[in-house]
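Undergrad: File follows, protein_1.txt with compact mmCIF, C-alpha atoms:
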```txt
# COMPACT_ATOMS: atom_id res chain seq x y z
CA MET A 383 0.00 0.00 0.00
CA ASP A 384 1.33 3.37 -0.94
CA THR A 385 -0.72 5.31 1.55
CA GLU A 386 2.21 7.65 2.11
CA GLU A 387 1.81 9.04 -1.37
CA TYR A 388 0.74 12.64 -1.36
CA ARG A 389 -2.35 13.31 -3.45
CA ASP A 390 -3.00 16.91 -4.02
CA HIS A 391 -5.99 17.16 -6.31
CA PRO A 392 -9.18 16.37 -4.40
CA VAL A 393 -8.40 18.85 -1.65
CA ARG A 394 -7.11 21.49 -3.98
CA SER A 395 -10.33 21.49 -6.01
CA TYR A 396 -12.38 22.32 -2.96
CA VAL A 397 -10.03 25.09 -1.91
CA LEU A 398 -10.36 26.67 -5.34
CA THR A 399 -14.12 26.80 -4.99
CA SER A 400 -14.14 27.68 -1.29
CA GLY A 401 -15.42 24.22 -0.50
CA ARG A 402 -18.38 24.24 -2.86
CA ALA A 403 -19.12 21.40 -5.24
CA HIS A 404 -21.98 23.07 -7.11
CA PRO A 405 -22.18 26.33 -9.03
CA SER A 406 -24.44 29.19 -7.95
CA ARG A 407 -26.59 28.63 -11.05
CA ASN A 408 -27.63 25.33 -12.59
CA THR A 409 -28.01 26.50 -16.16
CA LEU A 410 -24.38 25.91 -17.04
CA ARG A 411 -23.74 23.02 -19.40
CA PRO A 412 -20.50 21.84 -21.01
CA GLU A 413 -21.57 23.60 -24.24
CA THR A 414 -22.63 26.88 -22.59
CA LEU A 415 -20.81 29.77 -24.29
CA VAL A 416 -19.03 32.28 -22.10
CA ARG A 417 -17.07 35.42 -22.75
CA ALA A 418 -15.19 37.98 -20.67
CA VAL A 419 -16.74 41.38 -20.02
CA GLU A 420 -13.96 43.63 -21.25
CA SER A 421 -14.90 46.72 -19.32
CA ARG A 422 -14.82 44.89 -16.02
CA PRO A 423 -11.45 44.46 -14.30
CA VAL A 424 -10.96 41.27 -12.31
CA LEU A 425 -11.17 41.86 -8.56
CA SER A 426 -7.82 42.07 -6.82
CA THR A 427 -8.96 39.22 -4.55
CA ALA A 428 -9.34 36.85 -7.51
CA GLY A 429 -6.87 34.01 -7.69
CA ARG A 430 -4.43 33.12 -10.43
CA LEU A 431 -6.81 30.61 -12.01
CA GLU A 432 -9.70 33.04 -12.09
CA ARG A 433 -7.50 35.56 -13.87
CA GLU A 434 -6.32 32.90 -16.28
CA LEU A 435 -9.92 31.88 -16.94
CA VAL A 436 -11.05 35.43 -17.70
CA GLN A 437 -7.99 35.90 -19.91
CA LEU A 438 -8.91 32.76 -21.88
CA CYS A 439 -12.39 34.11 -22.46
CA GLN A 440 -11.36 37.26 -24.30
CA GLY A 441 -13.17 35.52 -27.14
CA THR A 442 -16.17 33.19 -26.94
CA LEU A 443 -15.57 29.62 -25.73
CA ALA A 444 -17.73 26.83 -24.38
CA LEU A 445 -17.39 25.88 -20.74
CA ALA A 446 -15.89 22.51 -21.74
CA GLU A 447 -13.21 24.27 -23.81
CA VAL A 448 -12.29 26.48 -20.87
CA ALA A 449 -12.01 23.37 -18.69
CA ALA A 450 -9.82 21.58 -21.25
CA TYR A 451 -7.47 24.56 -21.66
CA LEU A 452 -7.14 24.98 -17.89
CA ALA A 453 -6.76 21.20 -17.44
CA LEU A 454 -9.46 21.26 -14.77
CA PRO A 455 -12.70 19.26 -14.49
CA VAL A 456 -15.82 20.80 -16.06
CA SER A 457 -17.60 20.53 -12.70
CA LEU A 458 -14.98 22.71 -11.06
CA VAL A 459 -14.82 25.23 -13.88
CA ALA A 460 -18.62 25.55 -13.73
CA VAL A 461 -18.33 26.78 -10.15
CA MET A 462 -15.61 29.28 -11.07
CA VAL A 463 -17.50 30.52 -14.14
CA SER A 464 -20.66 30.95 -12.14
CA ASP A 465 -18.82 33.08 -9.57
CA LEU A 466 -17.20 35.16 -12.30
CA VAL A 467 -20.61 35.76 -13.91
CA ASP A 468 -21.90 36.89 -10.51
CA ALA A 469 -18.90 39.21 -10.19
CA GLY A 470 -19.59 40.68 -13.62
CA ASN A 471 -16.36 39.48 -15.21
CA LEU A 472 -17.95 36.91 -17.51
CA THR A 473 -21.13 36.89 -19.48
CA ILE A 474 -23.06 33.89 -20.73
CA ARG A 475 -23.08 34.31 -24.48
CA SER A 476 -25.64 31.69 -25.44
CA ASN A 477 -28.84 33.68 -25.29
CA HIS A 478 -31.22 30.84 -24.62
CA GLN A 479 -32.20 28.91 -21.56
CA ALA A 480 -29.95 25.92 -21.26
CA HIS A 481 -32.74 23.46 -20.50
CA VAL A 482 -34.76 24.41 -23.57
CA LEU A 483 -34.32 22.08 -26.50
CA PRO A 484 -33.42 23.64 -29.83
CA GLY A 485 -36.46 24.20 -32.06
CA LYS A 486 -37.06 22.88 -35.53
CA ASP A 487 -35.81 26.16 -37.01
CA ILE A 488 -32.45 25.66 -35.32
CA LEU A 489 -32.21 22.05 -36.49
CA GLU A 490 -32.90 23.17 -40.05
CA LYS A 491 -30.09 25.69 -39.85
CA ILE A 492 -27.76 23.02 -38.50
CA LEU A 493 -28.69 20.67 -41.33
CA ASP A 494 -28.05 23.38 -43.92
CA GLY A 495 -24.68 24.08 -42.34
CA LEU A 496 -23.70 20.40 -42.22
CA ARG A 497 -24.67 19.88 -45.85
CA LYS A 498 -22.31 22.67 -46.87
CA LEU A 499 -19.31 21.12 -45.09
CA MET B 309 -2.60 14.22 -29.59
CA ASP B 310 0.79 14.08 -31.24
CA SER B 311 1.83 17.60 -30.29
CA ALA B 312 4.45 17.58 -27.57
CA SER B 313 3.98 16.37 -24.04
CA SER B 314 2.10 19.34 -22.60
CA ASP B 315 -1.29 18.37 -21.22
CA ARG B 316 -2.45 21.96 -21.47
CA PRO B 317 -3.32 22.82 -25.07
CA VAL B 318 -2.47 26.22 -26.42
CA PRO B 319 -5.62 28.31 -26.28
CA GLY B 320 -6.65 30.88 -28.80
CA GLN B 321 -9.23 29.18 -30.94
CA HIS B 322 -12.15 31.35 -30.02
CA LEU B 323 -15.48 31.16 -31.73
CA ALA B 324 -16.39 33.91 -34.17
CA PRO B 325 -18.02 36.88 -32.42
CA THR B 326 -21.23 36.20 -34.37
CA VAL B 327 -21.76 32.83 -32.66
CA ALA B 328 -24.48 33.29 -30.06
CA ARG B 329 -25.80 29.80 -29.60
CA SER B 330 -24.45 26.33 -29.04
CA VAL B 331 -26.02 22.94 -29.59
CA LYS B 332 -24.59 19.51 -28.91
CA ILE B 333 -24.59 15.98 -30.12
CA LEU B 334 -23.25 13.14 -28.02
CA VAL B 335 -20.97 10.54 -29.57
CA VAL B 336 -21.30 7.44 -27.43
CA GLY B 337 -19.90 3.96 -27.65
CA ALA B 338 -17.53 1.50 -26.07
CA PHE B 339 -13.87 2.20 -25.42
CA GLY B 340 -11.86 2.10 -28.66
CA VAL B 341 -14.83 2.20 -31.02
CA GLY B 342 -13.62 5.36 -32.76
CA LYS B 343 -15.45 8.20 -31.02
CA THR B 344 -12.47 10.52 -30.90
CA THR B 345 -11.50 9.60 -34.46
CA LEU B 346 -14.93 10.62 -35.75
CA ILE B 347 -14.92 13.82 -33.70
CA GLY B 348 -11.44 14.67 -34.96
CA ALA B 349 -12.49 14.08 -38.57
CA VAL B 350 -15.17 16.78 -38.48
CA SER B 351 -14.02 19.17 -35.76
CA GLU B 352 -12.65 22.58 -36.72
CA ILE B 353 -10.35 22.47 -33.68
CA ASP B 354 -8.06 19.66 -32.61
CA PRO B 355 -10.18 17.51 -30.28
CA LEU B 356 -9.90 18.61 -26.69
CA ARG B 357 -10.04 16.47 -23.60
CA THR B 358 -11.45 17.10 -20.18
CA GLU B 359 -11.53 14.73 -17.26
CA GLU B 360 -13.72 14.11 -14.26
CA ARG B 361 -12.89 12.11 -11.18
CA ILE B 362 -14.76 8.92 -10.49
CA THR B 363 -14.54 6.38 -7.71
CA THR B 364 -13.41 2.93 -8.73
CA ALA B 365 -16.61 1.41 -7.39
CA SER B 366 -18.30 2.54 -10.59
CA VAL B 367 -15.47 1.91 -13.01
CA GLY B 368 -14.93 -1.22 -15.05
CA ILE B 369 -14.71 0.01 -18.60
CA ASP B 370 -11.56 1.93 -19.28
CA PRO B 371 -8.63 -0.48 -19.40
CA GLY B 372 -5.17 0.57 -18.39
CA GLN B 373 -6.28 2.25 -15.20
CA PRO B 374 -4.35 0.98 -12.20
CA ASN B 375 -6.16 0.16 -8.98
CA LYS B 376 -6.76 3.36 -7.08
CA ASP B 377 -9.48 4.77 -4.88
CA THR B 378 -10.32 7.22 -7.60
CA THR B 379 -9.52 7.44 -11.24
CA THR B 380 -10.45 9.78 -14.04
CA VAL B 381 -12.74 9.38 -16.99
CA ALA B 382 -11.96 11.41 -20.07
CA MET B 383 -14.34 13.12 -22.43
CA ASP B 384 -12.97 14.13 -25.83
CA PHE B 385 -14.85 16.74 -27.76
CA GLY B 386 -14.75 18.93 -30.82
CA ARG B 387 -16.64 21.76 -32.41
CA ILE B 388 -18.09 22.80 -35.77
CA THR B 389 -19.32 26.32 -36.46
CA VAL B 390 -22.26 25.21 -38.61
CA THR B 391 -23.70 28.66 -39.31
CA GLU B 392 -22.40 32.10 -38.52
CA ASP B 393 -24.39 32.10 -35.29
CA ILE B 394 -24.49 28.43 -34.21
CA ALA B 395 -21.68 26.24 -32.90
CA LEU B 396 -22.23 22.49 -32.79
CA TYR B 397 -20.30 20.64 -30.09
CA LEU B 398 -19.60 16.93 -30.31
CA PHE B 399 -19.02 15.30 -26.94
CA GLY B 400 -17.57 11.81 -26.94
CA THR B 401 -18.41 9.79 -23.87
CA PRO B 402 -18.58 6.16 -22.85
CA GLY B 403 -22.16 5.06 -23.40
CA GLN B 404 -23.23 4.14 -19.91
CA ARG B 405 -25.44 6.68 -18.24
CA ARG B 406 -23.26 6.72 -15.13
CA PHE B 407 -20.53 8.29 -17.24
CA TRP B 408 -22.80 10.93 -18.71
CA ASP B 409 -23.80 11.91 -15.24
CA LEU B 410 -20.18 12.76 -14.50
CA TRP B 411 -20.62 15.78 -16.72
CA SER B 412 -23.53 17.62 -15.25
CA GLY B 413 -26.10 18.44 -17.89
CA LEU B 414 -24.30 16.57 -20.64
CA ALA B 415 -27.41 14.81 -21.89
CA ASP B 416 -29.79 17.72 -21.19
CA GLY B 417 -30.78 19.57 -24.31
CA ALA B 418 -28.79 17.37 -26.69
CA VAL B 419 -30.04 17.20 -30.26
CA GLY B 420 -29.23 13.53 -30.21
CA ALA B 421 -26.59 10.86 -29.94
CA LEU B 422 -24.50 8.92 -32.41
CA VAL B 423 -24.06 5.40 -31.07
CA MET B 424 -20.87 4.00 -32.51
CA ILE B 425 -20.69 0.28 -33.06
CA ASP B 426 -17.81 -2.06 -33.81
CA THR B 427 -19.29 -5.17 -35.44
CA ARG B 428 -16.38 -7.21 -34.11
CA HIS B 429 -17.70 -6.47 -30.61
CA LEU B 430 -21.45 -6.02 -31.02
CA GLU B 431 -22.15 -7.11 -27.46
CA ASP B 432 -20.31 -4.03 -26.17
CA SER B 433 -23.13 -1.86 -27.43
CA PHE B 434 -26.10 -3.62 -25.88
CA GLU B 435 -25.97 -1.74 -22.60
CA VAL B 436 -25.59 1.61 -24.36
CA LEU B 437 -28.60 0.97 -26.59
CA ASP B 438 -30.71 -0.27 -23.70
CA GLN B 439 -30.03 2.88 -21.76
CA LEU B 440 -30.78 5.18 -24.65
CA GLU B 441 -34.04 3.42 -25.44
CA LEU B 442 -35.26 2.89 -21.91
CA ARG B 443 -33.93 5.80 -19.91
CA THR B 444 -33.78 8.75 -22.25
CA LYS B 445 -35.84 10.34 -24.98
CA ILE B 446 -32.78 11.38 -26.93
CA PRO B 447 -32.95 10.69 -30.66
CA PHE B 448 -30.10 8.47 -31.74
CA ALA B 449 -28.61 6.97 -34.86
CA VAL B 450 -26.40 3.91 -34.96
CA VAL B 451 -23.06 4.30 -36.72
CA VAL B 452 -21.22 1.15 -37.76
CA ASN B 453 -17.57 2.11 -37.82
CA GLN B 454 -15.80 0.14 -40.54
CA PHE B 455 -12.49 -1.24 -39.40
CA PRO B 456 -10.18 -2.91 -41.94
CA ASP B 457 -10.91 -6.34 -40.47
CA SER B 458 -14.60 -5.77 -39.72
CA PRO B 459 -16.80 -8.61 -40.97
CA ASP B 460 -18.91 -7.54 -43.91
CA TYR B 461 -22.40 -7.87 -42.41
CA PRO B 462 -25.32 -6.32 -44.26
CA LEU B 463 -26.71 -3.41 -42.22
CA GLU B 464 -30.08 -5.11 -41.90
CA ARG B 465 -28.42 -8.03 -40.14
CA VAL B 466 -26.74 -5.66 -37.72
CA ARG B 467 -30.07 -3.92 -37.17
CA ALA B 468 -31.68 -7.25 -36.35
CA ALA B 469 -28.84 -8.30 -34.06
CA LEU B 470 -29.13 -5.02 -32.15
CA ASP B 471 -32.94 -5.26 -32.11
CA LEU B 472 -33.31 -1.67 -33.24
CA LEU B 473 -36.66 0.00 -33.76
CA PRO B 474 -37.59 0.21 -37.46
CA GLU B 475 -37.31 4.01 -37.44
CA THR B 476 -33.86 4.14 -35.86
CA PRO B 477 -31.32 5.03 -38.56
CA ILE B 478 -28.28 2.84 -39.01
CA VAL B 479 -25.40 3.89 -41.25
CA GLU B 480 -21.93 2.68 -42.11
CA CYS B 481 -19.06 5.06 -41.66
CA ASP B 482 -15.32 5.41 -41.95
CA ALA B 483 -14.74 7.52 -38.85
CA ARG B 484 -11.44 8.81 -40.28
CA ASP B 485 -13.16 10.31 -43.31
CA ARG B 486 -14.62 13.78 -42.91
CA GLN B 487 -17.46 13.45 -45.40
CA SER B 488 -18.38 10.04 -44.05
CA ALA B 489 -18.50 11.46 -40.52
CA VAL B 490 -20.50 14.51 -41.64
CA LEU B 491 -23.08 12.19 -43.22
CA THR B 492 -23.65 10.46 -39.88
CA LEU B 493 -24.39 13.85 -38.31
CA ILE B 494 -26.82 14.74 -41.11
CA THR B 495 -28.58 11.39 -40.66
CA LEU B 496 -28.96 12.03 -36.94
CA VAL B 497 -30.26 15.60 -37.25
CA GLU B 498 -32.75 14.54 -39.94
CA HIS B 499 -33.96 11.82 -37.60
CA ALA B 500 -34.21 14.25 -34.68
CA MET B 501 -36.43 16.52 -36.75
CA THR B 502 -39.11 13.81 -36.77
CA PHE B 503 -39.33 13.94 -32.97
CA PRO B 504 -42.28 15.98 -31.69
CA VAL B 505 -40.13 17.49 -28.95
CA PHE B 506 -38.15 19.45 -31.54
CA GLN B 507 -41.14 20.50 -33.62
CA LYS B 508 -41.84 23.81 -32.02
CA VAL B 509 -40.00 26.89 -33.14
CA ASN B 510 -38.52 28.81 -30.24
CA ALA B 511 -37.70 32.15 -31.73
```
Could you write out this file's structure as structure tokens?

TA:
Amino acid sequence: MDTEEYRDHPVRSYVLTSGRAHPSRNTLRPETLVRAVESRPVLSTAGRLERELVQLCQGTLALAEVAAYLALPVSLVAVMVSDLVDAGNLTIRSNHQAHVLPGKDILEKILDGLRKL
Amino acid sequence: MDSASSDRPVPGQHLAPTVARSVKILVVGAFGVGKTTLIGAVSEIDPLRTEERITTASVGIDPGQPNKDTTTVAMDFGRITVTEDIALYLFGTPGQRRFWDLWSGLADGAVGALVMIDTRHLEDSFEVLDQLELRTKIPFAVVVNQFPDSPDYPLERVRAALDLLPETPIVECDARDRQSAVLTLITLVEHAMTFPVFQKVNA
């Protein structure tokens, strides 16, 4: 048994989110599009990862992309993104409610787009 | 993933500023069936990977994981900007529902799922299909990935072996080929359009 081995990740994740496992909003999905609010400086109390996250989002990215680039789990990034939306540093770009299925009009546009690939 | 040893990809591939909406399709199937290959064939970005932690009590699929209290399960994904305002995300995940649940909201709001099948290991897909049919209302299409040594079964025999509903599409595909992979997506979206749940227009 290698019980002496130091494992850093599980604890670190909770520290990053101040001990919370769930975001302050439940509308975030892996495909939710987010973008930094340019006019809003990041609070001086924000950590290195929060700054890095906002920096990444100078253009539009999905939550899952942000997680992949930061090499952090989506679940953890959802908590951070949610906080940064609350703080006004990020905005949710996808202008629909996440739990609403796309309508037929959207599917038709997707089909047209796929047929042109 | 042949670019250097860094596990942190170089960012910078932002969506166009006109993109204001995202939709997703799940690419599900057993380990090694070609999910990431198909995603990579159509994605406009190199496929990305994100991981979630899972306790070994619920593992049993991904080989090569040593015995530990926890391990990680990876999700590879890609993206296609299909119109100037819509980005389509393709999320590859092991088929079992317990894996989807690792990524909160992964199945919610999905247009549908591509279920990838390797005819050399048909039995690997039974659990995936059962879950999709019994536990979700997600439209799905079955994609038979052609490997060089795949037996040459007629699709109707595969359909019968998998006990698919008559309306469920089944297509052959070379997951490495972009056009072949695009056709599977078109088949799925066309099928999804027949579902009442997508009929309404939400302007």

Undergrad: Any idea what the distance is between atom CA of Ala349 of chain B and atom CA of Arg484 of chain B?

TA: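 Straight-line distance from atom CA of Ala349 of chain B to atom CA of Arg484 of chain B works out to 5.6 Å.
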
Undergrad: Please compute the atom CA of Lys498 of chain A-atom CA of Val327 of chain B distance, one decimal, in Å.

TA: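 Atom CA of Val327 of chain B lies at a distance of 17.5 Å from atom CA of Lys498 of chain A.
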
Undergrad: So which residues touch Thr391 of chain B within 9 Å, counting all atoms listed in the file, skipping near sequence neighbours fewer than 4 positions away, as a PDB file with C-alpha atoms, in the frame of the given file?

TA:
```pdb
ATOM      1  CA  LYS A 491     -30.090  25.690 -39.850  1.00  0.00           C
ATOM      2  CA  ILE A 492     -27.760  23.020 -38.500  1.00  0.00           C
ATOM      3  CA  ASP A 494     -28.050  23.380 -43.920  1.00  0.00           C
ATOM      4  CA  GLY A 495     -24.680  24.080 -42.340  1.00  0.00           C
ATOM      5  CA  LEU A 496     -23.700  20.400 -42.220  1.00  0.00           C
TER       6      LEU A 496
ATOM      7  CA  VAL B 327     -21.760  32.830 -32.660  1.00  0.00           C
ATOM      8  CA  ALA B 395     -21.680  26.240 -32.900  1.00  0.00           C
TER       9      ALA B 395
END
```

Undergrad: Considering all atoms listed in the file, return as a ChimeraX atom specification whatever protein or nucleic-acid residues lie within 8 Å of segment 382-385 of chain B, sequence-local ones (same chain, fewer than 2 positions apart) excluded.

TA: /B:344,347,355-360,380,387,397-401

Undergrad: One decimal, Å: what's the distance from atom CA of Asp471 of chain B over to atom CA of Ala418 of chain B, could you say?

TA: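 Pair atom CA of Asp471 of chain B / atom CA of Ala418 of chain B returns 23.6 Å.
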
Undergrad: Residues of chain A within 10 Å of chain B, using all atoms listed in the file, as an MDAnalysis selection string?

TA: chainID A and resid 391:392 404 408:417 438:444 446:458 460 474:499

Undergrad: Could you pull the residues within 7 Å of segment 419-434 of chain A, counting only C-alpha atoms, minus those fewer than 6 positions along the same chain, as a list in words?

TA: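 Those residues are Gly470, Asn471, Leu472 and Thr473 of chain A.
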
Undergrad: B:Ala338, B:Val452, B:Ile425, B:Ile478: which is nearest His499 of chain B, counting all atoms listed in the file?

TA: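 Looking only at the distances to His499 of chain B, the closest residue turns out to be B:Ile478.
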
Undergrad: Give as a list in words the set of residues within 10 Å of the point (-13.2, -8.9, -38.8), where distances use the file's coordinates and all atoms listed in the file.

TA: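 With a cut-off of 10 Å, the residues come to Asp426, Thr427, Arg428, His429, Gln454, Phe455, Pro456, Asp457, Ser458, Pro459, Asp460 and Tyr461 of chain B.
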
Undergrad: Take segment 449-474 of chain B, model N, CA and C atoms, and hand the result over as a PDB file, keeping the file's coordinate frame.

TA:
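The resulting file, out_36.pdb, is shown below:
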```
ATOM      1  N   ALA B 449     -28.870   7.726 -33.640  1.00  0.00           N
ATOM      2  CA  ALA B 449     -28.610   6.970 -34.860  1.00  0.00           C
ATOM      3  C   ALA B 449     -27.433   6.054 -34.579  1.00  0.00           C
ATOM      4  N   VAL B 450     -27.464   4.883 -35.161  1.00  0.00           N
ATOM      5  CA  VAL B 450     -26.400   3.910 -34.960  1.00  0.00           C
ATOM      6  C   VAL B 450     -25.396   4.021 -36.110  1.00  0.00           C
ATOM      7  N   VAL B 451     -24.137   4.142 -35.741  1.00  0.00           N
ATOM      8  CA  VAL B 451     -23.060   4.300 -36.720  1.00  0.00           C
ATOM      9  C   VAL B 451     -22.159   3.070 -36.637  1.00  0.00           C
ATOM     10  N   VAL B 452     -22.101   2.321 -37.727  1.00  0.00           N
ATOM     11  CA  VAL B 452     -21.220   1.150 -37.760  1.00  0.00           C
ATOM     12  C   VAL B 452     -19.869   1.599 -38.299  1.00  0.00           C
ATOM     13  N   ASN B 453     -18.907   1.684 -37.393  1.00  0.00           N
ATOM     14  CA  ASN B 453     -17.570   2.110 -37.820  1.00  0.00           C
ATOM     15  C   ASN B 453     -16.873   0.952 -38.511  1.00  0.00           C
ATOM     16  N   GLN B 454     -16.431   1.192 -39.749  1.00  0.00           N
ATOM     17  CA  GLN B 454     -15.800   0.140 -40.540  1.00  0.00           C
ATOM     18  C   GLN B 454     -14.310   0.058 -40.229  1.00  0.00           C
ATOM     19  N   PHE B 455     -13.911  -0.994 -39.602  1.00  0.00           N
ATOM     20  CA  PHE B 455     -12.490  -1.240 -39.400  1.00  0.00           C
ATOM     21  C   PHE B 455     -12.006  -2.165 -40.528  1.00  0.00           C
ATOM     22  N   PRO B 456     -10.692  -2.106 -40.828  1.00  0.00           N
ATOM     23  CA  PRO B 456     -10.180  -2.910 -41.940  1.00  0.00           C
ATOM     24  C   PRO B 456     -10.562  -4.392 -41.825  1.00  0.00           C
ATOM     25  N   ASP B 457     -10.599  -4.913 -40.609  1.00  0.00           N
ATOM     26  CA  ASP B 457     -10.910  -6.340 -40.470  1.00  0.00           C
ATOM     27  C   ASP B 457     -12.333  -6.584 -39.961  1.00  0.00           C
ATOM     28  N   SER B 458     -13.212  -5.564 -40.132  1.00  0.00           N
ATOM     29  CA  SER B 458     -14.600  -5.770 -39.720  1.00  0.00           C
ATOM     30  C   SER B 458     -15.258  -6.785 -40.649  1.00  0.00           C
ATOM     31  N   PRO B 459     -16.039  -7.703 -40.102  1.00  0.00           N
ATOM     32  CA  PRO B 459     -16.800  -8.610 -40.970  1.00  0.00           C
ATOM     33  C   PRO B 459     -17.802  -7.815 -41.793  1.00  0.00           C
ATOM     34  N   ASP B 460     -18.089  -8.291 -42.979  1.00  0.00           N
ATOM     35  CA  ASP B 460     -18.910  -7.540 -43.910  1.00  0.00           C
ATOM     36  C   ASP B 460     -20.379  -7.913 -43.759  1.00  0.00           C
ATOM     37  N   TYR B 461     -20.978  -7.553 -42.620  1.00  0.00           N
ATOM     38  CA  TYR B 461     -22.400  -7.870 -42.410  1.00  0.00           C
ATOM     39  C   TYR B 461     -23.265  -6.851 -43.135  1.00  0.00           C
ATOM     40  N   PRO B 462     -24.344  -7.305 -43.752  1.00  0.00           N
ATOM     41  CA  PRO B 462     -25.320  -6.320 -44.260  1.00  0.00           C
ATOM     42  C   PRO B 462     -25.913  -5.543 -43.080  1.00  0.00           C
ATOM     43  N   LEU B 463     -26.202  -4.255 -43.312  1.00  0.00           N
ATOM     44  CA  LEU B 463     -26.710  -3.410 -42.220  1.00  0.00           C
ATOM     45  C   LEU B 463     -27.986  -3.988 -41.605  1.00  0.00           C
ATOM     46  N   GLU B 464     -28.815  -4.592 -42.444  1.00  0.00           N
ATOM     47  CA  GLU B 464     -30.080  -5.110 -41.900  1.00  0.00           C
ATOM     48  C   GLU B 464     -29.844  -6.257 -40.909  1.00  0.00           C
ATOM     49  N   ARG B 465     -28.739  -6.986 -41.117  1.00  0.00           N
ATOM     50  CA  ARG B 465     -28.420  -8.030 -40.140  1.00  0.00           C
ATOM     51  C   ARG B 465     -27.948  -7.418 -38.831  1.00  0.00           C
ATOM     52  N   VAL B 466     -27.187  -6.335 -38.937  1.00  0.00           N
ATOM     53  CA  VAL B 466     -26.740  -5.660 -37.720  1.00  0.00           C
ATOM     54  C   VAL B 466     -27.947  -5.071 -36.987  1.00  0.00           C
ATOM     55  N   ARG B 467     -28.850  -4.480 -37.765  1.00  0.00           N
ATOM     56  CA  ARG B 467     -30.070  -3.920 -37.170  1.00  0.00           C
ATOM     57  C   ARG B 467     -30.836  -4.992 -36.400  1.00  0.00           C
ATOM     58  N   ALA B 468     -30.943  -6.158 -37.003  1.00  0.00           N
ATOM     59  CA  ALA B 468     -31.680  -7.250 -36.350  1.00  0.00           C
ATOM     60  C   ALA B 468     -30.934  -7.709 -35.091  1.00  0.00           C
ATOM     61  N   ALA B 469     -29.614  -7.821 -35.203  1.00  0.00           N
ATOM     62  CA  ALA B 469     -28.840  -8.300 -34.060  1.00  0.00           C
ATOM     63  C   ALA B 469     -28.934  -7.324 -32.888  1.00  0.00           C
ATOM     64  N   LEU B 470     -29.059  -6.035 -33.206  1.00  0.00           N
ATOM     65  CA  LEU B 470     -29.130  -5.020 -32.150  1.00  0.00           C
ATOM     66  C   LEU B 470     -30.575  -4.777 -31.718  1.00  0.00           C
ATOM     67  N   ASP B 471     -31.527  -5.396 -32.440  1.00  0.00           N
ATOM     68  CA  ASP B 471     -32.940  -5.260 -32.110  1.00  0.00           C
ATOM     69  C   ASP B 471     -33.381  -3.800 -32.112  1.00  0.00           C
ATOM     70  N   LEU B 472     -32.981  -3.094 -33.157  1.00  0.00           N
ATOM     71  CA  LEU B 472     -33.310  -1.670 -33.240  1.00  0.00           C
ATOM     72  C   LEU B 472     -34.760  -1.485 -33.673  1.00  0.00           C
ATOM     73  N   LEU B 473     -35.335  -0.360 -33.261  1.00  0.00           N
ATOM     74  CA  LEU B 473     -36.660   0.000 -33.760  1.00  0.00           C
ATOM     75  C   LEU B 473     -36.553   0.291 -35.257  1.00  0.00           C
ATOM     76  N   PRO B 474     -37.642   0.034 -36.000  1.00  0.00           N
ATOM     77  CA  PRO B 474     -37.590   0.210 -37.460  1.00  0.00           C
ATOM     78  C   PRO B 474     -37.192   1.637 -37.860  1.00  0.00           C
TER      79      PRO B 474
END
```
